[in-house]
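Shown next: coords-v4.cif, given as mmCIF, C-alpha atoms.
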```cif
data_final
#
loop_
_atom_site.group_PDB
_atom_site.id
_atom_site.type_symbol
_atom_site.label_atom_id
_atom_site.label_comp_id
_atom_site.auth_asym_id
_atom_site.auth_seq_id
_atom_site.Cartn_x
_atom_site.Cartn_y
_atom_site.Cartn_z
ATOM 1 C CA MET M 1 13.337 21.392 -14.090
ATOM 2 C CA LYS M 2 9.557 21.086 -14.216
ATOM 3 C CA LEU M 3 8.237 17.617 -13.415
ATOM 4 C CA LYS M 4 5.968 15.817 -15.834
ATOM 5 C CA THR M 5 2.631 15.130 -14.141
ATOM 6 C CA TYR M 6 0.715 11.865 -14.419
ATOM 7 C CA VAL M 7 -2.852 11.725 -13.130
ATOM 8 C CA ILE M 8 -4.579 8.920 -11.277
ATOM 9 C CA ILE M 9 -8.212 9.388 -10.316
ATOM 10 C CA LEU M 10 -9.749 7.682 -7.301
ATOM 11 C CA SER M 11 -13.404 6.772 -7.686
ATOM 12 C CA ARG M 12 -15.757 8.816 -5.579
ATOM 13 C CA PHE M 13 -18.561 6.288 -6.017
ATOM 14 C CA PHE M 14 -18.740 2.566 -6.679
ATOM 15 C CA PRO M 15 -18.925 2.058 -10.468
ATOM 16 C CA LYS M 16 -21.832 0.824 -12.580
ATOM 17 C CA GLY M 17 -21.992 -2.953 -12.508
ATOM 18 C CA HIS M 18 -20.830 -3.118 -8.875
ATOM 19 C CA LYS M 19 -23.376 -4.382 -6.347
ATOM 20 C CA ARG M 20 -22.947 -1.058 -4.479
ATOM 21 C CA ALA M 21 -23.049 1.121 -7.629
ATOM 22 C CA GLY M 22 -23.580 4.784 -6.851
ATOM 23 C CA GLU M 23 -22.658 4.523 -3.155
ATOM 24 C CA PRO M 24 -19.684 6.604 -1.928
ATOM 25 C CA THR M 25 -16.350 4.751 -1.750
ATOM 26 C CA GLY M 26 -14.861 6.980 0.938
ATOM 27 C CA PHE M 27 -11.501 6.791 -0.862
ATOM 28 C CA LYS M 28 -10.743 10.476 -0.283
ATOM 29 C CA GLU M 29 -11.091 10.036 3.485
ATOM 30 C CA LYS M 30 -9.187 6.710 3.438
ATOM 31 C CA PHE M 31 -6.383 8.006 1.182
ATOM 32 C CA ARG M 32 -2.929 7.066 2.564
ATOM 33 C CA LYS M 33 -4.476 5.757 5.806
ATOM 34 C CA GLU M 34 -6.598 2.740 4.873
ATOM 35 C CA LYS M 35 -6.238 3.149 1.097
ATOM 36 C CA LEU M 36 -2.504 2.610 0.743
ATOM 37 C CA TYR M 37 -2.626 2.018 -2.990
ATOM 38 C CA SER M 38 -4.728 1.725 -6.100
ATOM 39 C CA ILE M 39 -4.773 -1.332 -8.338
ATOM 40 C CA ARG M 40 -4.888 -0.718 -12.077
ATOM 41 C CA ALA M 41 -4.793 -2.773 -15.249
ATOM 42 C CA ASN M 42 -1.932 -2.409 -17.749
ATOM 43 C CA TYR M 43 1.159 -2.977 -15.625
ATOM 44 C CA GLU M 44 3.490 -2.239 -18.558
ATOM 45 C CA TYR M 45 1.998 1.259 -18.983
ATOM 46 C CA TRP M 46 2.493 2.085 -15.299
ATOM 47 C CA GLU M 47 5.982 0.580 -15.293
ATOM 48 C CA LYS M 48 7.078 3.188 -17.877
ATOM 49 C CA ILE M 49 5.533 6.004 -15.835
ATOM 50 C CA PHE M 50 7.271 4.861 -12.660
ATOM 51 C CA GLU M 51 10.629 4.740 -14.430
ATOM 52 C CA GLU M 52 10.203 8.516 -14.888
ATOM 53 C CA ILE M 53 8.991 8.996 -11.320
ATOM 54 C CA TYR M 54 11.924 7.010 -9.877
ATOM 55 C CA ALA M 55 14.304 9.073 -12.048
ATOM 56 C CA GLY M 56 12.891 12.241 -10.474
ATOM 57 C CA GLU M 57 11.443 13.417 -13.810
ATOM 58 C CA ALA M 58 7.732 12.993 -12.994
ATOM 59 C CA CYS M 59 5.159 13.084 -10.230
ATOM 60 C CA LEU M 60 1.766 11.524 -9.609
ATOM 61 C CA SER M 61 -1.256 13.765 -9.133
ATOM 62 C CA VAL M 62 -3.915 11.859 -7.175
ATOM 63 C CA ARG M 63 -7.337 13.287 -7.923
ATOM 64 C CA GLN M 64 -11.051 12.751 -7.537
ATOM 65 C CA TRP M 65 -13.970 14.087 -9.585
ATOM 66 C CA SER M 66 -15.869 16.920 -7.883
ATOM 67 C CA GLY M 67 -19.148 15.512 -9.235
ATOM 68 C CA LEU M 68 -20.013 13.151 -12.063
ATOM 69 C CA PRO M 69 -17.015 11.448 -13.716
ATOM 70 C CA TYR M 70 -15.897 13.184 -16.934
ATOM 71 C CA ARG M 71 -18.595 15.848 -16.426
ATOM 72 C CA SER M 72 -17.065 17.718 -13.509
ATOM 73 C CA LYS M 73 -13.750 19.206 -12.480
ATOM 74 C CA GLN M 74 -10.990 17.095 -11.014
ATOM 75 C CA VAL M 75 -9.883 17.989 -7.494
ATOM 76 C CA GLU M 76 -6.284 17.190 -6.601
ATOM 77 C CA LEU M 77 -5.948 15.338 -3.289
ATOM 78 C CA MET M 78 -2.166 15.250 -3.308
ATOM 79 C CA ARG M 79 0.839 15.422 -5.599
ATOM 80 C CA LEU M 80 3.336 12.627 -4.891
ATOM 81 C CA THR M 81 6.973 12.141 -5.913
ATOM 82 C CA ARG M 82 9.583 9.499 -5.254
ATOM 83 C CA GLU M 83 10.460 11.375 -2.048
ATOM 84 C CA ASP M 84 6.992 10.503 -0.721
ATOM 85 C CA GLY M 85 7.790 6.794 -0.951
ATOM 86 C CA ILE M 86 5.384 6.022 -3.793
ATOM 87 C CA GLY M 87 6.072 2.886 -5.748
ATOM 88 C CA LEU M 88 4.893 0.199 -8.105
ATOM 89 C CA GLN M 89 4.521 -3.548 -7.679
ATOM 90 C CA LYS M 90 3.332 -6.172 -10.130
ATOM 91 C CA LEU M 91 0.180 -8.015 -9.072
ATOM 92 C CA GLU M 92 -0.527 -11.361 -10.662
ATOM 93 C CA HIS M 93 -3.287 -13.916 -10.125
ATOM 94 C CA ILE M 94 -3.603 -17.667 -10.307
ATOM 95 C CA GLY M 95 -6.889 -18.228 -12.102
ATOM 96 C CA PRO M 96 -9.728 -15.709 -12.324
ATOM 97 C CA LEU M 97 -9.356 -13.672 -9.136
ATOM 98 C CA GLY M 98 -7.723 -16.650 -7.533
ATOM 99 C CA LEU M 99 -4.721 -16.231 -5.296
ATOM 100 C CA PRO M 100 -3.174 -12.806 -5.853
ATOM 101 C CA PHE M 101 0.595 -12.621 -5.520
ATOM 102 C CA VAL M 102 3.479 -10.157 -5.739
ATOM 103 C CA GLY M 103 6.810 -11.720 -6.661
ATOM 104 C CA THR M 104 6.832 -14.998 -4.769
ATOM 105 C CA ASN M 105 4.542 -13.758 -1.973
ATOM 106 C CA VAL M 106 0.975 -15.019 -2.088
ATOM 107 C CA LEU M 107 -1.197 -12.301 -0.603
ATOM 108 C CA LEU M 108 -4.100 -12.829 1.707
ATOM 109 C CA SER M 109 -7.159 -11.702 -0.224
ATOM 110 C CA ASN M 110 -8.581 -9.842 2.767
ATOM 111 C CA ALA M 111 -5.327 -7.892 3.252
ATOM 112 C CA ILE M 112 -4.992 -6.856 -0.387
ATOM 113 C CA ALA M 113 -8.608 -5.634 -0.403
ATOM 114 C CA GLN M 114 -8.331 -3.857 2.948
ATOM 115 C CA ASN M 115 -5.147 -2.003 1.916
ATOM 116 C CA ASP M 116 -7.014 -0.931 -1.243
ATOM 117 C CA GLY M 117 -9.693 0.637 0.983
ATOM 118 C CA LEU M 118 -12.336 -2.025 0.342
ATOM 119 C CA SER M 119 -13.860 -5.074 1.978
ATOM 120 C CA TYR M 120 -12.920 -8.352 0.273
ATOM 121 C CA GLU M 121 -16.448 -8.753 -1.133
ATOM 122 C CA ASP M 122 -16.411 -5.222 -2.575
ATOM 123 C CA TRP M 123 -12.889 -5.748 -3.957
ATOM 124 C CA LYS M 124 -13.896 -8.998 -5.680
ATOM 125 C CA ASP M 125 -16.953 -7.336 -7.194
ATOM 126 C CA TRP M 126 -14.879 -4.317 -8.312
ATOM 127 C CA PHE M 127 -12.410 -6.481 -10.247
ATOM 128 C CA LYS M 128 -14.801 -9.186 -11.458
ATOM 129 C CA ASN M 129 -14.582 -8.073 -15.113
ATOM 130 C CA TYR M 130 -10.832 -7.467 -15.223
ATOM 131 C CA ASP M 131 -8.562 -9.751 -17.238
ATOM 132 C CA THR M 132 -6.572 -11.230 -14.369
ATOM 133 C CA SER M 133 -4.484 -13.348 -16.729
ATOM 134 C CA LYS M 134 -2.438 -10.173 -17.328
ATOM 135 C CA PRO M 135 -0.354 -8.514 -14.605
ATOM 136 C CA MET M 136 -1.894 -5.533 -12.875
ATOM 137 C CA ALA M 137 -0.193 -2.577 -11.181
ATOM 138 C CA ILE M 138 -0.294 -1.829 -7.477
ATOM 139 C CA ILE M 139 0.371 1.903 -7.306
ATOM 140 C CA HIS M 140 1.535 2.575 -3.763
ATOM 141 C CA PHE M 141 0.826 5.984 -2.228
ATOM 142 C CA THR M 142 3.115 5.353 0.765
ATOM 143 C CA GLY M 143 6.292 3.399 1.526
ATOM 144 C CA PHE M 144 4.232 0.260 2.239
ATOM 145 C CA ARG M 145 5.202 -2.766 0.102
ATOM 146 C CA TYR M 146 4.410 -6.460 0.015
#
```

Encoded form using structure tokens:
Amino acid sequence: MKLKTYVIILSRFFPKGHKRAGEPTGFKEKFRKEKLYSIRANYEYWEKIFEEIYAGEACLSVRQWSGLPYRSKQVELMRLTREDGIGLQKLEHIGPLGLPFVGTNVLLSNAIAQNDGLSYEDWKDWFKNYDTSKPMAIIHFTGFRY
């Protein structure tokens, strides 16, 4: 049976609007070492994808643009399945980028940023325009969980 492939792209550079816009993120080099996961909006969307991954019907292709986003080829860093320990957790916030928590565990802001491959200041700036009143997805690339 051929697995359905879902793509997640790691940013090569800090995005427009970030105080470090255009600088390299280093995510490729940090992938699965310092960058244990990626945080994304739309938890419900990712929850459906991970139901397929957990059922062994799908995999996650982690990629990065070779050059400019949407104007260059995507380069696959790794293809991950449930056997690799990947997983999903729901991230919620109290107030606008207030205390992040998973389940009943309040997370230390520095730890959640560091495990996402960023400093806390860069992490805050990255997510400053996200609607944190809605749950977000922590897409784990390893067996690490909160």

With a distance cut-off of 8 Å and only C-alpha atoms, select the neighbouring residues of M:Arg12, excluding the residue or stretch itself and same-chain residues fewer than 4 positions from it, and output the selection as an MDAnalysis selection string.
chainID M and resid 24:28 64:65

Report, in Å with one decimal, the straight-line distance from atom CA of M:Leu88 to atom CA of M:Ser66.
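Computing the Euclidean distance for atom CA of M:Leu88 and atom CA of M:Ser66 yields 26.7 Å.
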
Determine, counting all atoms listed in the file, every residue of protein, DNA or RNA that lies within 8 Å of (3.6, -8.9, -8.9) in the file coordinates, then give the result as a count of residues only.
10

Exercise: stretch 45-54 of chain M partners within 10 Å, all atoms listed in the file, chain neighbours under 3 positions left out, as an MDAnalysis selection string:
chainID M and resid 3:6 40:42 57:60 80:83 85:90 136:139

Can you work out which one of M:Arg71, M:Lys2, M:Lys35, M:Arg79 has the shortest atom-to-atom distance to M:Ser119, counting all atoms listed in the file?
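When distances to M:Ser119 are compared using all atoms listed in the file, the smallest one comes from M:Lys35.
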
Can you pull out the residues contacting M:Asn110? Cut-off 8 Å, using all atoms listed in the file, and skip same-chain residues under 2 positions away; I want them as a short mmCIF file (atom, residue, chain, number, x, y, z; two decimals) with C-alpha atoms, in the frame of the given file.
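Output below, filename selection32.cif:
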```cif
data_model
loop_
_atom_site.label_atom_id
_atom_site.label_comp_id
_atom_site.auth_asym_id
_atom_site.auth_seq_id
_atom_site.Cartn_x
_atom_site.Cartn_y
_atom_site.Cartn_z
CA LEU M 108 -4.10 -12.83 1.71
CA ILE M 112 -4.99 -6.86 -0.39
CA ALA M 113 -8.61 -5.63 -0.40
CA GLN M 114 -8.33 -3.86 2.95
CA SER M 119 -13.86 -5.07 1.98
CA TYR M 120 -12.92 -8.35 0.27
#
```

Given 6 Å of margin on each side, can you work out the centre and size in Å (one decimal) of an axis-aligned box holding every listed atom of stretch 123-130 of chain M, as lines of an AutoDock Vina configuration file?
```
center_x = -13.9
center_y = -6.8
center_z = -9.6
size_x = 18.1
size_y = 16.9
size_z = 23.3
```
